[in-house]
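K.L.:
Okay, so here is structure.txt, and as you'll see once you scroll down, it has compact mmCIF, C-alpha atoms.
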# COMPACT_ATOMS: atom_id res chain seq x y z
CA MET A 1 -29.11 57.33 -65.86
CA MET A 2 -32.05 54.91 -65.65
CA ALA A 3 -29.64 51.97 -65.71
CA LEU A 4 -27.61 53.51 -62.88
CA ARG A 5 -30.73 54.06 -60.75
CA SER A 6 -31.81 50.48 -61.36
CA LEU A 7 -28.37 49.25 -60.37
CA LEU A 8 -28.42 51.30 -57.17
CA ARG A 9 -31.89 50.05 -56.25
CA GLY A 10 -30.72 46.50 -56.81
CA ALA A 11 -27.67 47.00 -54.61
CA ALA A 12 -29.84 48.52 -51.88
CA ALA A 13 -32.21 45.56 -52.02
CA VAL A 14 -29.32 43.13 -51.67
CA ALA A 15 -28.01 45.09 -48.68
CA VAL A 16 -31.42 44.98 -47.00
CA ARG A 17 -31.71 41.24 -47.52
CA ALA A 18 -28.20 40.74 -46.11
CA GLU A 19 -29.09 42.82 -43.06
CA VAL A 20 -32.26 40.79 -42.50
CA ARG A 21 -30.26 37.58 -42.67
CA ARG A 22 -27.69 39.00 -40.27
CA THR A 23 -30.39 40.09 -37.82
CA PHE A 24 -32.00 36.65 -37.69
CA ALA A 25 -28.74 34.65 -37.75
CA THR A 26 -27.98 32.64 -34.64
CA GLY A 27 -24.21 32.93 -34.99
CA PRO A 28 -21.24 32.67 -37.36
CA ARG A 29 -21.73 30.27 -40.24
CA GLN A 30 -20.02 26.89 -39.74
CA GLN A 31 -17.27 26.86 -42.37
CA ASP A 32 -15.38 23.75 -41.25
CA SER A 33 -17.11 20.42 -41.90
CA LYS A 34 -15.11 18.70 -39.14
CA PHE A 35 -17.12 17.85 -36.04
CA TYR A 36 -16.85 15.92 -32.81
CA GLU A 37 -19.02 13.17 -31.40
CA PHE A 38 -19.39 13.08 -27.63
CA ARG A 39 -20.26 9.65 -26.26
CA THR A 40 -21.21 8.94 -22.64
CA TYR A 41 -21.68 5.34 -21.50
CA SER A 42 -23.27 4.39 -18.19
CA ILE A 43 -21.77 1.13 -16.95
CA LYS A 44 -23.36 -1.34 -14.54
CA PRO A 45 -21.85 -0.53 -11.13
CA ASP A 46 -20.37 -3.99 -10.56
CA LYS A 47 -18.98 -4.17 -14.10
CA MET A 48 -16.87 -1.01 -14.29
CA LYS A 49 -13.51 -2.74 -13.74
CA GLU A 50 -14.38 -5.43 -16.30
CA PHE A 51 -15.45 -2.77 -18.81
CA ILE A 52 -12.20 -0.78 -18.49
CA THR A 53 -10.06 -3.91 -18.81
CA LEU A 54 -11.97 -5.08 -21.88
CA THR A 55 -11.72 -1.66 -23.48
CA LYS A 56 -8.00 -1.31 -22.71
CA ASP A 57 -7.28 -4.70 -24.29
CA HIS A 58 -9.27 -4.28 -27.49
CA PHE A 59 -9.81 -0.59 -28.19
CA TYR A 60 -7.04 -0.55 -30.79
CA LEU A 61 -9.58 -2.25 -33.06
CA ARG A 62 -11.83 0.81 -32.79
CA THR A 63 -9.15 3.49 -33.14
CA ALA A 64 -7.98 1.84 -36.35
CA HIS A 65 -11.11 3.27 -37.99
CA SER A 66 -11.20 6.92 -36.82
CA GLU A 67 -9.49 9.43 -34.55
CA LEU A 68 -10.09 9.27 -30.81
CA ILE A 69 -9.52 12.64 -29.12
CA GLY A 70 -9.81 11.46 -25.54
CA TYR A 71 -11.32 8.82 -23.28
CA TRP A 72 -12.07 9.42 -19.60
CA THR A 73 -13.78 7.96 -16.58
CA LEU A 74 -15.92 10.29 -14.45
CA GLU A 75 -14.64 11.02 -10.96
CA PHE A 76 -17.25 13.65 -10.09
CA GLY A 77 -20.46 14.66 -11.88
CA GLY A 78 -21.58 11.09 -12.42
CA LEU A 79 -20.50 7.64 -11.25
CA ASN A 80 -19.84 4.48 -13.26
CA LYS A 81 -19.60 6.46 -16.50
CA VAL A 82 -17.07 6.86 -19.28
CA PHE A 83 -16.87 9.78 -21.69
CA HIS A 84 -15.08 9.84 -25.05
CA ILE A 85 -14.71 12.26 -27.95
CA TRP A 86 -14.29 11.27 -31.62
CA LYS A 87 -13.34 13.49 -34.55
CA TYR A 88 -14.86 13.20 -38.03
CA ASP A 89 -14.17 15.09 -41.24
CA SER A 90 -17.84 15.10 -42.29
CA PHE A 91 -21.09 13.22 -41.80
CA ALA A 92 -20.20 11.08 -44.82
CA HIS A 93 -16.95 10.18 -43.09
CA ARG A 94 -18.80 9.15 -39.93
CA THR A 95 -21.25 7.02 -41.93
CA ALA A 96 -18.35 5.25 -43.66
CA VAL A 97 -16.67 4.58 -40.31
CA ARG A 98 -19.86 3.21 -38.73
CA THR A 99 -20.41 0.96 -41.77
CA ALA A 100 -16.85 -0.35 -41.55
CA LEU A 101 -17.21 -1.03 -37.81
CA ALA A 102 -20.38 -3.03 -38.40
CA GLN A 103 -18.44 -5.19 -40.87
CA ASP A 104 -15.32 -5.54 -38.70
CA GLU A 105 -15.63 -9.09 -37.36
CA GLN A 106 -12.83 -8.75 -34.81
CA TRP A 107 -14.32 -5.56 -33.37
CA GLN A 108 -17.77 -7.10 -33.16
CA GLU A 109 -16.65 -10.44 -31.72
CA LYS A 110 -13.83 -9.39 -29.39
CA TYR A 111 -15.29 -6.14 -28.10
CA VAL A 112 -18.90 -5.27 -28.90
CA SER A 113 -20.42 -8.67 -28.05
CA ASN A 114 -18.62 -8.66 -24.68
CA MET A 115 -19.13 -4.97 -23.93
CA LEU A 116 -22.88 -4.66 -24.49
CA PRO A 117 -23.88 -6.80 -21.47
CA LEU A 118 -21.87 -4.41 -19.25
CA LEU A 119 -23.78 -1.31 -20.36
CA GLU A 120 -26.83 0.37 -18.87
CA LYS A 121 -27.14 3.33 -21.25
CA GLN A 122 -25.44 5.10 -24.16
CA GLU A 123 -25.78 8.79 -25.05
CA ASN A 124 -24.23 10.85 -27.81
CA GLU A 125 -24.07 14.43 -29.11
CA ILE A 126 -22.61 16.05 -32.20
CA ALA A 127 -20.71 19.28 -31.61
CA TYR A 128 -18.51 21.76 -33.48
CA LEU A 129 -15.62 23.78 -32.14
CA VAL A 130 -16.69 27.41 -31.80
CA PRO A 131 -15.12 29.63 -34.52
CA TRP A 132 -12.84 31.44 -32.05
CA CYS A 133 -11.29 28.31 -30.51
CA LYS A 134 -8.81 25.65 -31.61
CA LEU A 135 -8.47 22.23 -30.01
CA GLU A 136 -5.36 22.35 -27.81
CA LYS A 137 -3.91 19.08 -26.52
CA PRO A 138 -2.12 19.45 -23.15
CA GLU A 139 1.58 18.63 -23.10
CA LYS A 140 1.51 17.04 -19.62
CA GLU A 141 -0.66 14.50 -17.86
CA GLY A 142 -3.37 15.82 -15.59
CA VAL A 143 -7.11 15.84 -14.99
CA TYR A 144 -9.84 17.33 -17.13
CA GLU A 145 -13.00 19.22 -16.38
CA MET A 146 -15.94 19.32 -18.75
CA VAL A 147 -18.30 22.20 -18.00
CA SER A 148 -21.58 22.07 -19.89
CA PHE A 149 -23.69 25.23 -20.15
CA GLN A 150 -27.31 25.22 -21.24
CA MET A 151 -27.87 28.72 -22.60
CA LYS A 152 -31.09 30.56 -23.34
CA PRO A 153 -32.62 30.01 -26.80
CA GLY A 154 -31.32 32.41 -29.42
CA GLY A 155 -27.91 31.01 -30.21
CA PRO A 156 -24.53 32.79 -30.23
CA ALA A 157 -26.11 35.93 -31.69
CA LEU A 158 -27.73 36.38 -28.27
CA TRP A 159 -25.10 35.12 -25.82
CA GLY A 160 -21.95 34.42 -27.86
CA ASP A 161 -19.96 37.57 -27.09
CA ALA A 162 -20.69 37.46 -23.36
CA PHE A 163 -19.83 33.75 -23.21
CA LYS A 164 -16.55 34.25 -25.06
CA ALA A 165 -15.62 37.10 -22.70
CA ALA A 166 -16.26 34.90 -19.64
CA ILE A 167 -14.11 32.07 -21.02
CA SER A 168 -11.33 34.48 -22.00
CA ALA A 169 -11.34 36.00 -18.51
CA HIS A 170 -10.73 32.57 -16.97
CA VAL A 171 -7.98 31.78 -19.49
CA ARG A 172 -6.15 35.02 -18.63
CA THR A 173 -5.88 34.01 -14.96
CA GLY A 174 -3.50 31.26 -16.04
CA TYR A 175 -4.58 28.71 -13.44
CA THR A 176 -6.10 26.37 -16.04
CA LYS A 177 -5.58 25.42 -19.68
CA LEU A 178 -8.40 25.65 -22.20
CA VAL A 179 -8.60 22.52 -24.35
CA GLY A 180 -11.68 23.33 -26.44
CA VAL A 181 -15.08 25.02 -26.59
CA PHE A 182 -17.84 23.16 -28.44
CA HIS A 183 -21.43 24.00 -29.36
CA THR A 184 -24.02 21.32 -30.04
CA GLU A 185 -25.48 20.54 -33.42
CA TYR A 186 -27.38 17.38 -32.41
CA GLY A 187 -28.55 16.90 -28.85
CA LEU A 188 -29.82 19.76 -26.71
CA LEU A 189 -29.39 22.97 -28.68
CA ASN A 190 -28.00 26.21 -27.23
CA LYS A 191 -25.61 24.03 -25.25
CA VAL A 192 -21.90 24.75 -24.96
CA HIS A 193 -19.27 22.35 -23.63
CA VAL A 194 -15.96 23.72 -22.34
CA LEU A 195 -13.11 21.28 -21.76
CA TRP A 196 -10.34 22.39 -19.37
CA TRP A 197 -7.07 20.78 -18.24
CA ASN A 198 -5.54 21.08 -14.78
CA GLU A 199 -2.48 19.47 -13.25
CA ASN A 200 -4.56 17.89 -10.49
CA PRO A 201 -7.87 18.46 -8.64
CA ASP A 202 -6.23 20.55 -5.91
CA SER A 203 -4.61 22.96 -8.37
CA ARG A 204 -7.98 23.33 -10.04
CA ALA A 205 -9.66 24.10 -6.70
CA SER A 206 -7.10 26.71 -5.65
CA GLY A 207 -7.21 28.28 -9.10
CA ARG A 208 -10.97 28.59 -8.99
CA HIS A 209 -10.80 30.35 -5.62
CA TYR A 210 -8.23 32.75 -7.05
CA ALA A 211 -10.37 33.43 -10.15
CA HIS A 212 -13.45 34.17 -8.04
CA GLU A 213 -11.51 36.97 -6.37
CA ASP A 214 -10.50 38.51 -9.71
CA ALA A 215 -12.79 41.47 -10.47
CA ARG A 216 -12.39 41.00 -14.23
CA VAL A 217 -13.53 37.39 -14.04
CA VAL A 218 -16.44 38.23 -11.75
CA ALA A 219 -17.65 40.98 -14.09
CA ALA A 220 -17.41 38.80 -17.21
CA VAL A 221 -19.18 35.88 -15.55
CA ARG A 222 -22.00 38.10 -14.26
CA GLU A 223 -22.63 39.31 -17.80
CA SER A 224 -22.63 35.78 -19.21
CA VAL A 225 -24.90 34.21 -16.59
CA ARG A 226 -27.73 36.51 -17.68
CA PHE A 227 -28.14 34.05 -20.54
CA LEU A 228 -27.54 30.85 -18.55
CA VAL A 229 -30.24 28.24 -17.90
CA SER A 230 -28.17 25.55 -16.17
CA GLN A 231 -24.62 24.30 -15.74
CA GLN A 232 -23.06 20.89 -15.10
CA ASN A 233 -19.45 20.11 -14.16
CA MET A 234 -17.65 16.77 -14.55
CA LEU A 235 -14.16 15.89 -13.34
CA LEU A 236 -12.61 13.49 -15.84
CA ILE A 237 -9.70 11.08 -15.32
CA PRO A 238 -7.90 9.96 -18.52
CA ALA A 239 -8.10 6.25 -19.26
CA PRO A 240 -4.76 4.45 -19.84
CA PHE A 241 -5.44 4.32 -23.59
CA SER A 242 -6.63 7.94 -23.93
CA PRO A 243 -4.65 10.13 -26.38
CA MET A 244 -5.20 13.04 -23.99
CA LYS A 245 -3.54 12.26 -20.68
If you took the structure in this file and wrote it as structure tokens, what would it be?

P.N.:
Amino acid sequence: MMALRSLLRGAAAVAVRAEVRRTFATGPRQQDSKFYEFRTYSIKPDKMKEFITLTKDHFYLRTAHSELIGYWTLEFGGLNKVFHIWKYDSFAHRTAVRTALAQDEQWQEKYVSNMLPLLEKQENEIAYLVPWCKLEKPEKEGVYEMVSFQMKPGGPALWGDAFKAAISAHVRTGYTKLVGVFHTEYGLLNKVHVLWWNENPDSRASGRHYAHEDARVVAAVRESVRFLVSQQNMLLIPAPFSPMK
């Protein structure tokens, strides 16, 4: 009997500790080691054409080392900028790739040495796909929209369900295709990036007007924006060498 009581007390203690961990958790544990690096380059205004040509001619040297998800120029939300997404299996994988690139003489001589004088600034973030989303590559060519949400501190445990409901409400309207939803690991925290595909800017505009008249979308968005700090939208045009068109 004493052994049984001791066992029960031990089980209760474990349950309490698990509940404490659950209460203070900021969201689902990241099970997949794969992550994505977002890179944004600001190009000197008079060098944009030269930059794109150089990149188009020599970027095969870079993609030989790791997987490029997409490469875009910004049409709205920032001028003279390019945005690209890279996939890595782990941080060790990224380190190995960066080491190999530093030792790749063709990459350094043909591209990097000629590209650096064209740059004004480089920025990067590390992000994971949210657990409830898969990366979906569009079947047709089109334009992309990256919507970046800065959420209130607290993580997905605070705003995750409301955010998911708002995204799902937009998906159900059918006017746009969801490509991926990412949350930051390095960079500004409590930030979520949502990448959408549309056939063209006009179809996106008409679809947005339609969605704003949908009561289900309006209700879901109103719930989500209670946790919103700021939002930024970028219209992205695929580069000729982008895997996502």

K.L.:
Counting only C-alpha atoms, what is within 8 Å of A:Ala220, bar same-chain residues fewer than 3 positions away, as a compact mmCIF listing (two decimals) with C-alpha atoms, in the frame of the given file?

P.N.:
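around21.txt, written as the output of this step:
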# COMPACT_ATOMS: atom_id res chain seq x y z
CA ALA A 162 -20.69 37.46 -23.36
CA ALA A 165 -15.62 37.10 -22.70
CA ALA A 166 -16.26 34.90 -19.64
CA ALA A 169 -11.34 36.00 -18.51
CA ARG A 216 -12.39 41.00 -14.23
CA VAL A 217 -13.53 37.39 -14.04
CA GLU A 223 -22.63 39.31 -17.80
CA SER A 224 -22.63 35.78 -19.21

K.L.:
What is the distance, in Å and to one decimal place, between atom CA of A:Asn114 and atom CA of A:Lys44?

P.N.:
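Going from atom CA of A:Asn114 over to atom CA of A:Lys44 covers 13.4 Å.
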
K.L.:
Just the number, please: distance in Å from atom CA of A:Asn124 to atom CA of A:Pro238, one decimal.

P.N.:
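Distance reported for this atom pair: 18.8 Å.
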
K.L.:
Please list as number ranges by chain every residue within 9 Å of stretch 89-97 of chain A, counting all atoms listed in the file and excluding residues in the same chain fewer than 5 positions away.

P.N.:
A: 32-36, 65-66, 102

K.L.:
For A:Lys140, work out the shell of residues within 10 Å, counting all atoms listed in the file and skipping chain neighbours fewer than 5 positions away, then give it as a list in words.

P.N.:
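Here the answer would be Trp197, Asn198, Glu199, Met244 and Lys245 of chain A.
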
K.L.:
Got time to write the residues from that selection, C-alpha atoms, as a PDB file, keeping the file's coordinate frame?

P.N.:
ATOM      1  CA  TRP A 197      -7.070  20.780 -18.240  1.00  0.00           C
ATOM      2  CA  ASN A 198      -5.540  21.080 -14.780  1.00  0.00           C
ATOM      3  CA  GLU A 199      -2.480  19.470 -13.250  1.00  0.00           C
ATOM      4  CA  MET A 244      -5.200  13.040 -23.990  1.00  0.00           C
ATOM      5  CA  LYS A 245      -3.540  12.260 -20.680  1.00  0.00           C
TER       6      LYS A 245
END

K.L.:
List the spatial neighbours of A:Leu235 as a PDB file with C-alpha atoms, in the frame of the given file - criterion: any atom at most 12 Å away, only C-alpha atoms, same-chain residues fewer than 6 positions off excluded.

P.N.:
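Heads up, here's the output in out29.pdb:
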ATOM      1  CA  TRP A  72     -12.070   9.420 -19.600  1.00  0.00           C
ATOM      2  CA  THR A  73     -13.780   7.960 -16.580  1.00  0.00           C
ATOM      3  CA  LEU A  74     -15.920  10.290 -14.450  1.00  0.00           C
ATOM      4  CA  GLU A  75     -14.640  11.020 -10.960  1.00  0.00           C
ATOM      5  CA  PHE A  76     -17.250  13.650 -10.090  1.00  0.00           C
ATOM      6  CA  GLY A  77     -20.460  14.660 -11.880  1.00  0.00           C
ATOM      7  CA  GLY A  78     -21.580  11.090 -12.420  1.00  0.00           C
ATOM      8  CA  LEU A  79     -20.500   7.640 -11.250  1.00  0.00           C
ATOM      9  CA  LYS A  81     -19.600   6.460 -16.500  1.00  0.00           C
ATOM     10  CA  VAL A  82     -17.070   6.860 -19.280  1.00  0.00           C
ATOM     11  CA  PHE A  83     -16.870   9.780 -21.690  1.00  0.00           C
ATOM     12  CA  GLY A 142      -3.370  15.820 -15.590  1.00  0.00           C
ATOM     13  CA  VAL A 143      -7.110  15.840 -14.990  1.00  0.00           C
ATOM     14  CA  TYR A 144      -9.840  17.330 -17.130  1.00  0.00           C
ATOM     15  CA  GLU A 145     -13.000  19.220 -16.380  1.00  0.00           C
ATOM     16  CA  MET A 146     -15.940  19.320 -18.750  1.00  0.00           C
ATOM     17  CA  VAL A 147     -18.300  22.200 -18.000  1.00  0.00           C
ATOM     18  CA  SER A 148     -21.580  22.070 -19.890  1.00  0.00           C
ATOM     19  CA  LEU A 195     -13.110  21.280 -21.760  1.00  0.00           C
ATOM     20  CA  TRP A 196     -10.340  22.390 -19.370  1.00  0.00           C
ATOM     21  CA  TRP A 197      -7.070  20.780 -18.240  1.00  0.00           C
ATOM     22  CA  ASN A 198      -5.540  21.080 -14.780  1.00  0.00           C
ATOM     23  CA  ASN A 200      -4.560  17.890 -10.490  1.00  0.00           C
ATOM     24  CA  PRO A 201      -7.870  18.460  -8.640  1.00  0.00           C
ATOM     25  CA  ASP A 202      -6.230  20.550  -5.910  1.00  0.00           C
ATOM     26  CA  ARG A 204      -7.980  23.330 -10.040  1.00  0.00           C
ATOM     27  CA  ALA A 205      -9.660  24.100  -6.700  1.00  0.00           C
TER      28      ALA A 205
END

K.L.:
Taking (-24.7, 20.8, -15.5) in the file's own coordinates, collect the residues within 9 Å, counting all atoms listed in the file, and hand them back as a VMD selection string.

P.N.:
chain A and resid 77 147 to 150 230 to 234

K.L.:
To one decimal place, how far is atom CA of A:Glu37 from atom CA of A:Gly160 in Å?

P.N.:
21.7 Å

K.L.:
May I ask which of the residues A:Pro45, A:His183, A:Tyr175, A:Pro243 is the closest one to A:Pro138, counting all atoms listed in the file?

P.N.:
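The shortest atom-to-atom distance to A:Pro138 comes from A:Pro243.
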
K.L.:
Let me have the centre and edge lengths in Å, one decimal, of the box along x, y and z around every listed atom of stretch 85-88 of chain A with 4 Å of margin on each side, as lines of an AutoDock Vina configuration file.

P.N.:
center_x = -14.1
center_y = 12.4
center_z = -33.0
size_x = 9.5
size_y = 10.2
size_z = 18.1

K.L.:
I need the residue nearest A:Ile52 from this list: A:Gly180, A:Phe241, A:Gly155, A:Glu105. Use only C-alpha atoms for the distance.

P.N.:
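Ranking A:Gly180, A:Phe241, A:Gly155, A:Glu105 by distance to A:Ile52, first place goes to A:Phe241.
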
K.L.:
Which is closest to A:Thr63 among A:Leu101, A:Phe38, A:Glu50, A:Phe227, if we use only C-alpha atoms?

P.N.:
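Counting only C-alpha atoms, the residue closest to A:Thr63 is A:Leu101.
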
K.L.:
Between A:Tyr71, A:Tyr60, A:Tyr128, A:Tyr210, which is the closest to A:Tyr186 once you count all atoms listed in the file?

P.N.:
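Between A:Tyr71, A:Tyr60, A:Tyr128, A:Tyr210, the residue approaching A:Tyr186 most closely is A:Tyr128.
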
K.L.:
Under the rule that only C-alpha atoms are counted, which of A:Glu125, A:Glu67, A:Asp57, A:Glu141 is the nearest residue to A:Lys110?

P.N.:
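When distances to A:Lys110 are compared using only C-alpha atoms, the smallest one comes from A:Asp57.
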
K.L.:
Name all residues at most 8 Å from A:Ala211 (count only C-alpha atoms; drop same-chain ones fewer than 6 positions away) and give them as a list in words.

P.N.:
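Skipping anything fewer than 6 positions along the chain leaves His170, Thr173, Val217 and Val218 of chain A.
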
K.L.:
How would the residues just picked look written out with C-alpha atoms as a PDB file, keeping the file's coordinate frame?

P.N.:
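What ended up in selection.pdb:
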ATOM      1  CA  HIS A 170     -10.730  32.570 -16.970  1.00  0.00           C
ATOM      2  CA  THR A 173      -5.880  34.010 -14.960  1.00  0.00           C
ATOM      3  CA  VAL A 217     -13.530  37.390 -14.040  1.00  0.00           C
ATOM      4  CA  VAL A 218     -16.440  38.230 -11.750  1.00  0.00           C
TER       5      VAL A 218
END
